[in-house]
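Pasted below: query18.cif, mmCIF, C-alpha atoms and all ligand atoms.
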data_coords
loop_
_atom_site.group_PDB
_atom_site.id
_atom_site.type_symbol
_atom_site.label_atom_id
_atom_site.label_comp_id
_atom_site.auth_asym_id
_atom_site.auth_seq_id
_atom_site.Cartn_x
_atom_site.Cartn_y
_atom_site.Cartn_z
ATOM 1 C CA MET A 41 0.000 0.000 0.000
ATOM 2 C CA ALA A 42 1.253 3.493 -0.788
ATOM 3 C CA ASP A 43 2.464 5.703 2.050
ATOM 4 C CA PHE A 44 0.897 8.975 3.103
ATOM 5 C CA GLN A 45 2.490 11.920 1.374
ATOM 6 C CA ARG A 46 2.569 15.474 2.667
ATOM 7 C CA VAL A 47 0.772 17.590 0.075
ATOM 8 C CA ALA A 48 0.203 20.959 1.750
ATOM 9 C CA ALA A 49 0.560 22.930 4.937
ATOM 10 C CA VAL A 50 -2.652 23.217 6.935
ATOM 11 C CA ALA A 51 -2.291 26.995 6.926
ATOM 12 C CA GLU A 52 -2.264 27.076 3.120
ATOM 13 C CA VAL A 53 -5.868 25.968 2.683
ATOM 14 C CA PRO A 54 -8.642 28.136 4.153
ATOM 15 C CA ASP A 55 -11.814 26.721 5.646
ATOM 16 C CA PRO A 56 -13.876 26.394 3.541
ATOM 17 C CA GLY A 57 -11.404 25.959 0.738
ATOM 18 C CA LYS A 58 -9.748 23.583 -1.688
ATOM 19 C CA THR A 59 -6.481 23.055 -3.436
ATOM 20 C CA LEU A 60 -5.089 20.897 -6.190
ATOM 21 C CA VAL A 61 -2.085 18.676 -5.556
ATOM 22 C CA GLU A 62 -0.143 16.091 -7.493
ATOM 23 C CA ILE A 63 0.655 12.697 -5.993
ATOM 24 C CA ASP A 64 2.640 10.165 -7.975
ATOM 25 C CA GLY A 65 1.546 11.813 -11.206
ATOM 26 C CA GLU A 66 -2.140 11.872 -10.259
ATOM 27 C CA MET A 67 -4.068 15.089 -9.704
ATOM 28 C CA VAL A 68 -5.967 15.143 -6.423
ATOM 29 C CA ALA A 69 -8.407 17.751 -5.142
ATOM 30 C CA VAL A 70 -8.055 18.424 -1.416
ATOM 31 C CA PHE A 71 -10.960 20.037 0.431
ATOM 32 C CA HIS A 72 -11.119 21.731 3.830
ATOM 33 C CA VAL A 73 -14.678 22.191 5.128
ATOM 34 C CA ALA A 74 -15.956 22.750 8.659
ATOM 35 C CA GLY A 75 -12.656 21.690 10.162
ATOM 36 C CA GLN A 76 -12.512 18.430 8.223
ATOM 37 C CA TRP A 77 -10.361 17.418 5.293
ATOM 38 C CA TYR A 78 -11.176 15.320 2.239
ATOM 39 C CA ALA A 79 -9.377 14.238 -0.920
ATOM 40 C CA LEU A 80 -10.836 13.152 -4.264
ATOM 41 C CA ASP A 81 -9.508 12.454 -7.708
ATOM 42 C CA ASP A 82 -9.556 15.692 -9.653
ATOM 43 C CA VAL A 83 -11.610 13.881 -12.251
ATOM 44 C CA CYS A 84 -15.326 14.137 -12.912
ATOM 45 C CA THR A 85 -16.600 10.699 -13.891
ATOM 46 C CA HIS A 86 -18.879 12.159 -16.533
ATOM 47 C CA ASP A 87 -16.163 13.344 -18.884
ATOM 48 C CA GLY A 88 -13.028 14.119 -16.927
ATOM 49 C CA GLY A 89 -13.829 17.646 -15.791
ATOM 50 C CA PRO A 90 -11.411 19.158 -13.236
ATOM 51 C CA LEU A 91 -13.300 19.058 -9.932
ATOM 52 C CA ALA A 92 -10.844 21.313 -8.112
ATOM 53 C CA ASP A 93 -11.915 24.130 -10.458
ATOM 54 C CA GLY A 94 -15.562 23.724 -9.511
ATOM 55 C CA GLU A 95 -17.728 25.547 -7.020
ATOM 56 C CA LEU A 96 -17.552 24.214 -3.464
ATOM 57 C CA ARG A 97 -20.693 24.476 -1.357
ATOM 58 C CA ASN A 98 -20.698 22.815 2.019
ATOM 59 C CA HIS A 99 -19.775 19.206 1.239
ATOM 60 C CA THR A 100 -20.613 19.378 -2.468
ATOM 61 C CA ILE A 101 -18.292 20.152 -5.365
ATOM 62 C CA ALA A 102 -19.815 20.990 -8.766
ATOM 63 C CA CYS A 103 -17.944 20.024 -11.913
ATOM 64 C CA PRO A 104 -17.192 23.201 -13.876
ATOM 65 C CA ARG A 105 -17.965 21.558 -17.221
ATOM 66 C CA HIS A 106 -21.569 20.351 -17.066
ATOM 67 C CA GLY A 107 -22.479 20.810 -13.435
ATOM 68 C CA ALA A 108 -22.448 17.276 -12.022
ATOM 69 C CA LYS A 109 -22.154 17.372 -8.256
ATOM 70 C CA PHE A 110 -20.104 15.106 -6.012
ATOM 71 C CA ASP A 111 -20.048 14.591 -2.264
ATOM 72 C CA ILE A 112 -16.522 15.489 -1.183
ATOM 73 C CA ARG A 113 -16.800 13.142 1.818
ATOM 74 C CA THR A 114 -17.306 10.008 -0.262
ATOM 75 C CA GLY A 115 -16.811 10.891 -3.914
ATOM 76 C CA ALA A 116 -20.418 9.864 -4.606
ATOM 77 C CA ALA A 117 -22.022 11.298 -7.721
ATOM 78 C CA LEU A 118 -25.047 13.265 -6.575
ATOM 79 C CA THR A 119 -26.461 14.652 -9.810
ATOM 80 C CA MET A 120 -26.523 14.156 -13.531
ATOM 81 C CA PRO A 121 -24.736 13.906 -15.822
ATOM 82 C CA ALA A 122 -22.287 11.960 -13.630
ATOM 83 C CA VAL A 123 -23.563 8.601 -12.411
ATOM 84 C CA ARG A 124 -20.424 7.020 -10.978
ATOM 85 C CA PRO A 125 -18.494 8.081 -7.891
ATOM 86 C CA THR A 126 -15.053 9.531 -8.244
ATOM 87 C CA ARG A 127 -12.258 8.017 -6.178
ATOM 88 C CA SER A 128 -11.754 9.309 -2.667
ATOM 89 C CA HIS A 129 -8.459 9.052 -0.800
ATOM 90 C CA GLU A 130 -7.271 8.690 2.765
ATOM 91 C CA LEU A 131 -6.180 11.910 4.415
ATOM 92 C CA LYS A 132 -4.703 12.903 7.756
ATOM 93 C CA VAL A 133 -3.439 16.105 9.355
ATOM 94 C CA GLU A 134 -0.150 15.821 11.166
ATOM 95 C CA ASP A 135 2.729 18.109 12.107
ATOM 96 C CA GLY A 136 0.997 21.105 10.594
ATOM 97 C CA GLY A 137 0.666 19.341 7.254
ATOM 98 C CA VAL A 138 -1.997 17.654 5.166
ATOM 99 C CA TRP A 139 -1.138 14.102 4.217
ATOM 100 C CA VAL A 140 -2.845 12.006 1.546
ATOM 101 C CA ARG A 141 -2.580 8.327 0.723
ATOM 102 C CA LEU A 142 -3.952 7.270 -2.640
ATOM 103 C CA ARG A 143 -6.510 4.521 -2.694
ATOM 104 C CA ALA A 144 -6.075 1.984 -5.423
ATOM 105 C CA THR A 145 -9.780 1.393 -5.921
ATOM 106 C CA ALA A 146 -10.897 2.687 -9.253
ATOM 107 C CA ALA A 147 -13.680 5.228 -9.369
ATOM 108 C CA GLY A 148 -17.000 3.504 -9.751
ATOM 109 C CA SER A 149 -16.067 0.272 -8.038
ATOM 110 C CA GLY A 150 -16.175 1.366 -4.452
ATOM 111 C CA PRO A 151 -19.176 1.588 -2.206
ATOM 112 C CA SER A 152 -21.075 4.819 -1.951
ATOM 113 C CA ASP A 153 -23.446 5.913 0.767
ATOM 114 C CA HIS A 154 -25.255 8.210 -1.627
ATOM 115 C CA ALA A 155 -27.790 6.965 -4.112
ATOM 116 C CA VAL A 156 -26.852 7.319 -7.719
ATOM 117 C CA PRO A 157 -29.640 9.334 -9.376
ATOM 118 C CA ALA A 158 -32.524 7.269 -10.632
ATOM 119 C CA ALA A 159 -30.473 4.545 -12.233
ATOM 120 C CA GLY A 160 -29.347 2.772 -9.086
ATOM 121 C CA GLY A 161 -25.707 3.540 -9.630
ATOM 122 C CA THR A 162 -24.337 0.194 -10.596
ATOM 123 C CA ALA A 163 -23.575 0.716 -14.240
ATOM 124 C CA ALA A 164 -20.106 1.441 -15.424
ATOM 125 C CA SER A 165 -20.447 3.880 -18.250
ATOM 126 C CA SER A 166 -21.531 7.471 -18.498
ATOM 127 C CA PRO A 167 -24.847 8.450 -20.000
ATOM 128 C CA ALA A 168 -25.536 8.968 -23.625
ATOM 129 C CA SER A 169 -22.175 9.801 -25.022
ATOM 130 C CA LEU A 170 -20.741 9.850 -28.455
ATOM 131 C CA GLY A 171 -20.222 6.582 -30.190
ATOM 132 C CA PRO A 172 -19.420 6.101 -33.841
ATOM 133 C CA ALA A 173 -21.900 8.290 -35.673
ATOM 134 C CA ALA A 174 -22.436 5.865 -38.489
ATOM 135 C CA ALA A 175 -22.635 2.798 -36.314
ATOM 136 C CA ALA A 176 -25.841 0.858 -36.332
ATOM 137 C CA PRO A 177 -25.359 -1.634 -33.546
ATOM 138 C CA GLY A 178 -28.037 -4.222 -33.335
ATOM 139 C CA ALA A 179 -28.954 -3.740 -36.972
ATOM 140 C CA ALA A 180 -29.936 -7.363 -37.169
ATOM 141 C CA ALA A 181 -32.215 -7.141 -34.170
ATOM 142 C CA PRO A 182 -35.920 -7.377 -34.855
ATOM 143 C CA ALA A 183 -37.833 -4.137 -35.208
ATOM 144 C CA THR A 184 -39.697 -3.712 -31.961
ATOM 145 C CA THR A 185 -41.706 -0.950 -30.394
ATOM 146 C CA GLY A 186 -43.156 -0.219 -27.013
ATOM 147 C CA PRO A 187 -46.515 1.069 -25.841
ATOM 148 C CA VAL A 188 -45.821 4.701 -26.811
ATOM 149 C CA ALA A 189 -44.889 3.860 -30.372
ATOM 150 C CA ASP A 190 -47.730 1.359 -30.659
ATOM 151 C CA SER A 191 -50.260 3.973 -29.584
ATOM 152 C CA LEU A 192 -49.011 6.254 -32.361
ATOM 153 C CA ALA A 193 -49.067 3.634 -35.082
ATOM 154 C CA GLY A 194 -52.359 4.874 -36.532
ATOM 155 C CA LEU A 195 -51.237 8.493 -36.858
ATOM 156 C CA PRO A 196 -49.598 9.811 -40.010
ATOM 157 C CA LEU A 197 -45.871 10.303 -39.676
ATOM 158 C CA SER A 198 -44.867 13.777 -38.532
ATOM 159 C CA VAL A 199 -42.048 15.408 -36.595
ATOM 160 C CA GLU A 200 -44.221 15.397 -33.481
ATOM 161 C CA VAL A 201 -45.022 11.707 -33.860
ATOM 162 C CA VAL A 202 -41.325 10.895 -34.296
ATOM 163 C CA ARG A 203 -40.436 12.824 -31.157
ATOM 164 C CA GLU A 204 -43.103 10.983 -29.204
ATOM 165 C CA MET A 205 -41.864 7.647 -30.527
ATOM 166 C CA LEU A 206 -38.332 8.468 -29.476
ATOM 167 C CA LYS A 207 -39.529 8.481 -25.888
ATOM 168 C CA GLU A 208 -39.201 4.722 -26.212
ATOM 169 C CA VAL A 209 -35.426 5.170 -26.417
ATOM 170 C CA LYS A 210 -33.933 5.368 -22.967
ATOM 171 C CA ASP A 211 -30.472 5.944 -21.627
ATOM 172 C CA PRO A 212 -29.427 2.523 -20.310
ATOM 173 C CA GLU A 213 -28.166 3.912 -17.005
ATOM 174 C CA LEU A 214 -30.522 6.735 -16.230
ATOM 175 C CA PHE A 215 -33.681 5.161 -17.644
ATOM 176 C CA VAL A 216 -34.710 8.560 -18.954
ATOM 177 C CA ASN A 217 -35.674 8.850 -22.606
ATOM 178 C CA VAL A 218 -33.566 10.734 -25.109
ATOM 179 C CA VAL A 219 -36.237 13.363 -25.744
ATOM 180 C CA ASP A 220 -36.585 14.355 -22.105
ATOM 181 C CA LEU A 221 -32.807 14.263 -21.678
ATOM 182 C CA GLY A 222 -32.617 16.924 -24.407
ATOM 183 C CA LEU A 223 -30.515 14.807 -26.732
ATOM 184 C CA ILE A 224 -32.716 15.254 -29.815
ATOM 185 C CA TYR A 225 -31.724 18.434 -31.615
ATOM 186 C CA GLY A 226 -33.753 17.925 -34.771
ATOM 187 C CA VAL A 227 -36.048 15.668 -36.765
ATOM 188 C CA THR A 228 -36.299 15.943 -40.558
ATOM 189 C CA LEU A 229 -38.696 14.016 -42.765
ATOM 190 C CA SER A 230 -38.324 13.720 -46.499
ATOM 191 C CA PRO A 231 -39.963 11.478 -49.097
ATOM 192 C CA ALA A 232 -37.881 8.374 -49.759
ATOM 193 C CA ALA A 233 -36.727 8.448 -53.365
ATOM 194 C CA ASP A 234 -36.807 4.699 -53.795
ATOM 195 C CA ALA A 235 -39.897 3.925 -51.725
ATOM 196 C CA PRO A 236 -43.002 5.819 -52.857
ATOM 197 C CA GLY A 237 -45.300 6.815 -50.020
ATOM 198 C CA ARG A 238 -42.657 6.276 -47.377
ATOM 199 C CA GLN A 239 -40.373 8.690 -45.566
ATOM 200 C CA HIS A 240 -36.697 9.068 -44.870
ATOM 201 C CA VAL A 241 -36.221 10.162 -41.248
ATOM 202 C CA ALA A 242 -33.081 12.044 -40.199
ATOM 203 C CA ILE A 243 -32.450 12.544 -36.499
ATOM 204 C CA ASP A 244 -29.928 15.057 -35.189
ATOM 205 C CA MET A 245 -28.884 13.629 -31.848
ATOM 206 C CA THR A 246 -26.306 14.862 -29.385
ATOM 207 C CA MET A 247 -24.565 13.065 -26.534
ATOM 208 C CA THR A 248 -23.776 14.285 -23.064
ATOM 209 C CA SER A 249 -20.067 13.688 -23.595
ATOM 210 C CA PRO A 250 -17.929 12.747 -26.553
ATOM 211 C CA ALA A 251 -16.690 9.355 -25.330
ATOM 212 C CA CYS A 252 -19.202 6.975 -23.825
ATOM 213 C CA PRO A 253 -20.218 3.465 -24.892
ATOM 214 C CA ALA A 254 -23.931 4.208 -24.443
ATOM 215 C CA GLY A 255 -23.932 6.151 -27.726
ATOM 216 C CA PRO A 256 -24.052 3.196 -30.125
ATOM 217 C CA GLN A 257 -26.921 1.645 -28.159
ATOM 218 C CA LEU A 258 -28.961 4.841 -28.342
ATOM 219 C CA ILE A 259 -28.353 5.115 -32.064
ATOM 220 C CA GLY A 260 -29.357 1.512 -32.616
ATOM 221 C CA ASP A 261 -32.494 1.803 -30.469
ATOM 222 C CA THR A 262 -33.517 4.993 -32.267
ATOM 223 C CA LYS A 263 -33.349 3.222 -35.594
ATOM 224 C CA ARG A 264 -35.191 0.155 -34.356
ATOM 225 C CA VAL A 265 -38.088 2.123 -32.907
ATOM 226 C CA LEU A 266 -38.659 4.196 -36.033
ATOM 227 C CA VAL A 267 -38.010 1.657 -38.735
ATOM 228 C CA ALA A 268 -40.763 -0.522 -37.266
ATOM 229 C CA ARG A 269 -43.304 1.798 -38.895
ATOM 230 C CA SER A 270 -44.462 0.825 -42.348
ATOM 231 C CA ASP A 271 -44.313 4.446 -43.529
ATOM 232 C CA VAL A 272 -40.620 4.810 -42.636
ATOM 233 C CA ALA A 273 -38.237 3.736 -45.387
ATOM 234 C CA ALA A 274 -34.951 4.558 -43.648
ATOM 235 C CA VAL A 275 -33.607 6.216 -40.521
ATOM 236 C CA GLU A 276 -30.415 8.229 -40.364
ATOM 237 C CA VAL A 277 -28.968 9.298 -37.014
ATOM 238 C CA ARG A 278 -26.540 12.190 -37.208
ATOM 239 C CA ILE A 279 -24.445 12.951 -34.149
ATOM 240 C CA VAL A 280 -24.211 16.661 -33.439
ATOM 241 C CA MET A 281 -21.876 18.004 -30.757
ATOM 242 C CA ASP A 282 -22.411 21.698 -31.428
ATOM 243 C CA PRO A 283 -23.955 23.233 -29.448
ATOM 244 C CA PRO A 284 -22.772 20.943 -26.683
ATOM 245 C CA TRP A 285 -25.362 19.331 -24.440
ATOM 246 C CA THR A 286 -25.879 20.906 -21.032
ATOM 247 C CA PRO A 287 -28.131 19.733 -18.183
ATOM 248 C CA ASP A 288 -30.492 22.641 -18.708
ATOM 249 C CA ARG A 289 -31.653 20.948 -21.908
ATOM 250 C CA MET A 290 -33.457 18.351 -19.822
ATOM 251 C CA THR A 291 -37.191 18.652 -19.432
ATOM 252 C CA GLU A 292 -38.833 19.068 -16.065
ATOM 253 C CA ALA A 293 -39.994 15.469 -16.327
ATOM 254 C CA ALA A 294 -36.382 14.309 -16.637
ATOM 255 C CA ARG A 295 -35.336 16.467 -13.712
ATOM 256 C CA ASP A 296 -38.118 15.036 -11.588
ATOM 257 C CA GLN A 297 -37.140 11.529 -12.555
ATOM 258 C CA LEU A 298 -33.511 12.142 -11.688
ATOM 259 C CA GLY A 299 -34.255 14.002 -8.501
ATOM 260 C CA ILE A 300 -32.680 17.247 -9.723
ATOM 261 C CA PHE A 301 -34.190 20.431 -8.412
HETATM 262 S S1 LIG B 401 -17.314 16.589 -17.247
HETATM 263 FE FE1 LIG B 401 -18.145 16.896 -15.301
HETATM 264 S S2 LIG B 401 -20.250 17.151 -15.615
HETATM 265 FE FE2 LIG B 401 -19.449 16.775 -17.570
#

Is it possible to express this structure as structure tokens?
Ligand code: FES
Amino acid sequence: MADFQRVAAVAEVPDPGKTLVEIDGEMVAVFHVAGQWYALDDVCTHDGGPLADGELRNHTIACPRHGAKFDIRTGAALTMPAVRPTRSHELKVEDGGVWVRLRATAAGSGPSDHAVPAAGGTAASSPASLGPAAAAPGAAAPATTGPVADSLAGLPLSVEVVREMLKEVKDPELFVNVVDLGLIYGVTLSPAADAPGRQHVAIDMTMTSPACPAGPQLIGDTKRVLVARSDVAAVEVRIVMDPPWTPDRMTEAARDQLGIF
């Protein structure tokens, strides 16, 4: 096990306050709140945001990139878009100094005493992030729909109907649909050149971060839900990262579901 390393003088960090230190090549955020000290990886588990640059309020640090909040006492992810805890480290105060010992446990594998929002917190990937734009995972899977899409089957295809149908497509960790998460930037319908009476559907979809394995699943599910309709000839999903997704794109329904106020 690694030894404690002196990372700062007690007098250097106000209360409340924080500082960023480097230990064996790893960046660690050290917090001083209400007379207690805490240390976390300086890494937001959503997309690597620098936690030490975020806003500290009581025992909560907010990632400066997209606003995910973490409990500095445990590293637990408290709000979207982060769903996994970040690693916390052992810390002691001795001889006027702050000492930290790195824990080996990877973020996401340790216990957390805070509930992960809505999804139960056991999954290992971040929500709805960019996968290969052209990928169509599950292309061989049967076209299936759920109750929402089935209830819309008798209506003529329209942008509104497509958006409603896409509520069948849910982030695999958060269990919130892509429409309410604010991931659907646009829906375009155009007559299919090679299939008279049927439509080509183009979906502009964003992801909450540019590198998460949930992306290909969302793309595949989007195609499966829509192509099940007889009036849809083809579905194209275009990944759009500009403007970047932010949590304020979520609907109130999504916020309620995730416990964000
Ligand atoms: S990188 Fe931290 S919330 Fe996105």

Could you list, with a cut-off of 6 Å and counting all atoms listed in the file, the residues of chain A near ligand LIG 401 (chain B), each shown with its nearest atom pair and the distance in Å rounded to one decimal, rows sorted by chain and ascending number, as CSV?
residue,atom,partner,partner_atom,distance
A:Cys84,CA,B:LIG401,FE1,4.6
A:His86,CA,B:LIG401,S1,4.8
A:Asp87,CA,B:LIG401,S1,3.8
A:Gly88,CA,B:LIG401,S1,5.0
A:Gly89,CA,B:LIG401,S1,3.9
A:Cys103,CA,B:LIG401,FE1,4.6
A:Arg105,CA,B:LIG401,S1,5.0
A:His106,CA,B:LIG401,S2,3.8
A:Gly107,CA,B:LIG401,S2,4.8
A:Ala108,CA,B:LIG401,S2,4.2
A:Pro121,CA,B:LIG401,S2,5.5
A:Ala122,CA,B:LIG401,S2,5.9

Q) Of the candidates A:Ala268, A:Leu142, A:Met281, A:Leu91, which one gets nearest to Ile63 (chain A) if we count only C-alpha atoms? A) A:Leu142

Q: Evaluate the PyMOL selection byres (((chain A and resi 131) around 8) and not hetatm) and record the selected residues as a ChimeraX atom specification, following the chain and residue labels used in the document.
A: /A:44,77-79,129-130,132-133,138-141

Those residues you just picked out, can you put them in a file as a compact mmCIF listing (two decimals), keeping the file's coordinate frame with C-alpha atoms?
# COMPACT_ATOMS: atom_id res chain seq x y z
CA PHE A 44 0.90 8.98 3.10
CA TRP A 77 -10.36 17.42 5.29
CA TYR A 78 -11.18 15.32 2.24
CA ALA A 79 -9.38 14.24 -0.92
CA HIS A 129 -8.46 9.05 -0.80
CA GLU A 130 -7.27 8.69 2.76
CA LYS A 132 -4.70 12.90 7.76
CA VAL A 133 -3.44 16.10 9.36
CA VAL A 138 -2.00 17.65 5.17
CA TRP A 139 -1.14 14.10 4.22
CA VAL A 140 -2.84 12.01 1.55
CA ARG A 141 -2.58 8.33 0.72

**Q.** Residue among A:Thr246, A:Ser230, A:Thr291, A:Thr262 lying closest to Lys210 (chain A), counting all atoms listed in the file
**A.**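 Of the candidates, the smallest distance to Lys210 (chain A) is held by A:Thr262.
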
**Q.** Best match for closeness to Val68 (chain A) among A:Arg127, A:Arg278, A:His99, A:Arg264, counting only C-alpha atoms
**A.** A:Arg127

Q) Nearest to Trp285 (chain A) among A:Ser198, A:Asn217, A:Gln297, A:Thr248, with distances taken over all atoms listed in the file: which residue is it? A)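 When distances to Trp285 (chain A) are compared using all atoms listed in the file, the smallest one comes from A:Thr248.
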
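Minimum atom-to-atom distance to Gly237 (chain A), evaluated using only C-alpha atoms, belongs to A:Ser270 out of A:Thr85, A:Thr126, A:Thr286, A:Ser270.
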
Q.
So the first atom is CA of Gly255 (chain A) and the second is CA of Val280 (chain A); what is the distance between them in Å, to one decimal place?
A.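 Going from CA of Gly255 (chain A) over to CA of Val280 (chain A), I get 12.0 Å.
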
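Considering the residues A:Glu204, A:Thr100, A:Ala235, A:Val209 and counting all atoms listed in the file, Thr119 (chain A) has its shortest atom-to-atom contact with A:Thr100.
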
Q: For the structure shown, which residues end up in the PyMOL selection byres (((chain A and resi 75) around 12) and not hetatm)? Put them as number ranges by chain, please?
A: A: 50, 53-57, 71-74, 76-78, 98-99, 133

Q. On this structure, which residues satisfy the PyMOL selection byres (((chain A and resi 271) around 8) and not hetatm), written as a PyMOL selection string?
A. chain A and resi 197+237-239+269-270+272-273

Q: Provide the CA of Ala117 (chain A) to CA of Asp244 (chain A) distance in Å, to one decimal place.
A: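 Result for CA of Ala117 (chain A) versus CA of Asp244 (chain A): 28.8 Å, one decimal.
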
Return as AutoDock Vina command-line options the box centre and box size in Å, one decimal, for an axis-aligned box around all listed atoms of region 122-137 of chain A padded by 6 Å per side.
--center_x -10.4 --center_y 14.1 --center_z -0.8 --size_x 38.3 --size_y 26.1 --size_z 37.7

Q | One-decimal distance in Å that lies between CA of Thr114 (chain A) and CA of Leu298 (chain A) | A |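 So the answer is 19.9 Å.
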
Kindly write region 263-282 of chain A with C-alpha atoms to a file, as a JSON list (two decimals), in the first residue's frame.
[["chain", "number", "residue", "atom", "x", "y", "z"],
["A", 263, "LYS", "CA", -33.35, 3.22, -35.59],
["A", 264, "ARG", "CA", -35.19, 0.16, -34.36],
["A", 265, "VAL", "CA", -38.09, 2.12, -32.91],
["A", 266, "LEU", "CA", -38.66, 4.20, -36.03],
["A", 267, "VAL", "CA", -38.01, 1.66, -38.74],
["A", 268, "ALA", "CA", -40.76, -0.52, -37.27],
["A", 269, "ARG", "CA", -43.30, 1.80, -38.89],
["A", 270, "SER", "CA", -44.46, 0.82, -42.35],
["A", 271, "ASP", "CA", -44.31, 4.45, -43.53],
["A", 272, "VAL", "CA", -40.62, 4.81, -42.64],
["A", 273, "ALA", "CA", -38.24, 3.74, -45.39],
["A", 274, "ALA", "CA", -34.95, 4.56, -43.65],
["A", 275, "VAL", "CA", -33.61, 6.22, -40.52],
["A", 276, "GLU", "CA", -30.41, 8.23, -40.36],
["A", 277, "VAL", "CA", -28.97, 9.30, -37.01],
["A", 278, "ARG", "CA", -26.54, 12.19, -37.21],
["A", 279, "ILE", "CA", -24.44, 12.95, -34.15],
["A", 280, "VAL", "CA", -24.21, 16.66, -33.44],
["A", 281, "MET", "CA", -21.88, 18.00, -30.76],
["A", 282, "ASP", "CA", -22.41, 21.70, -31.43]]
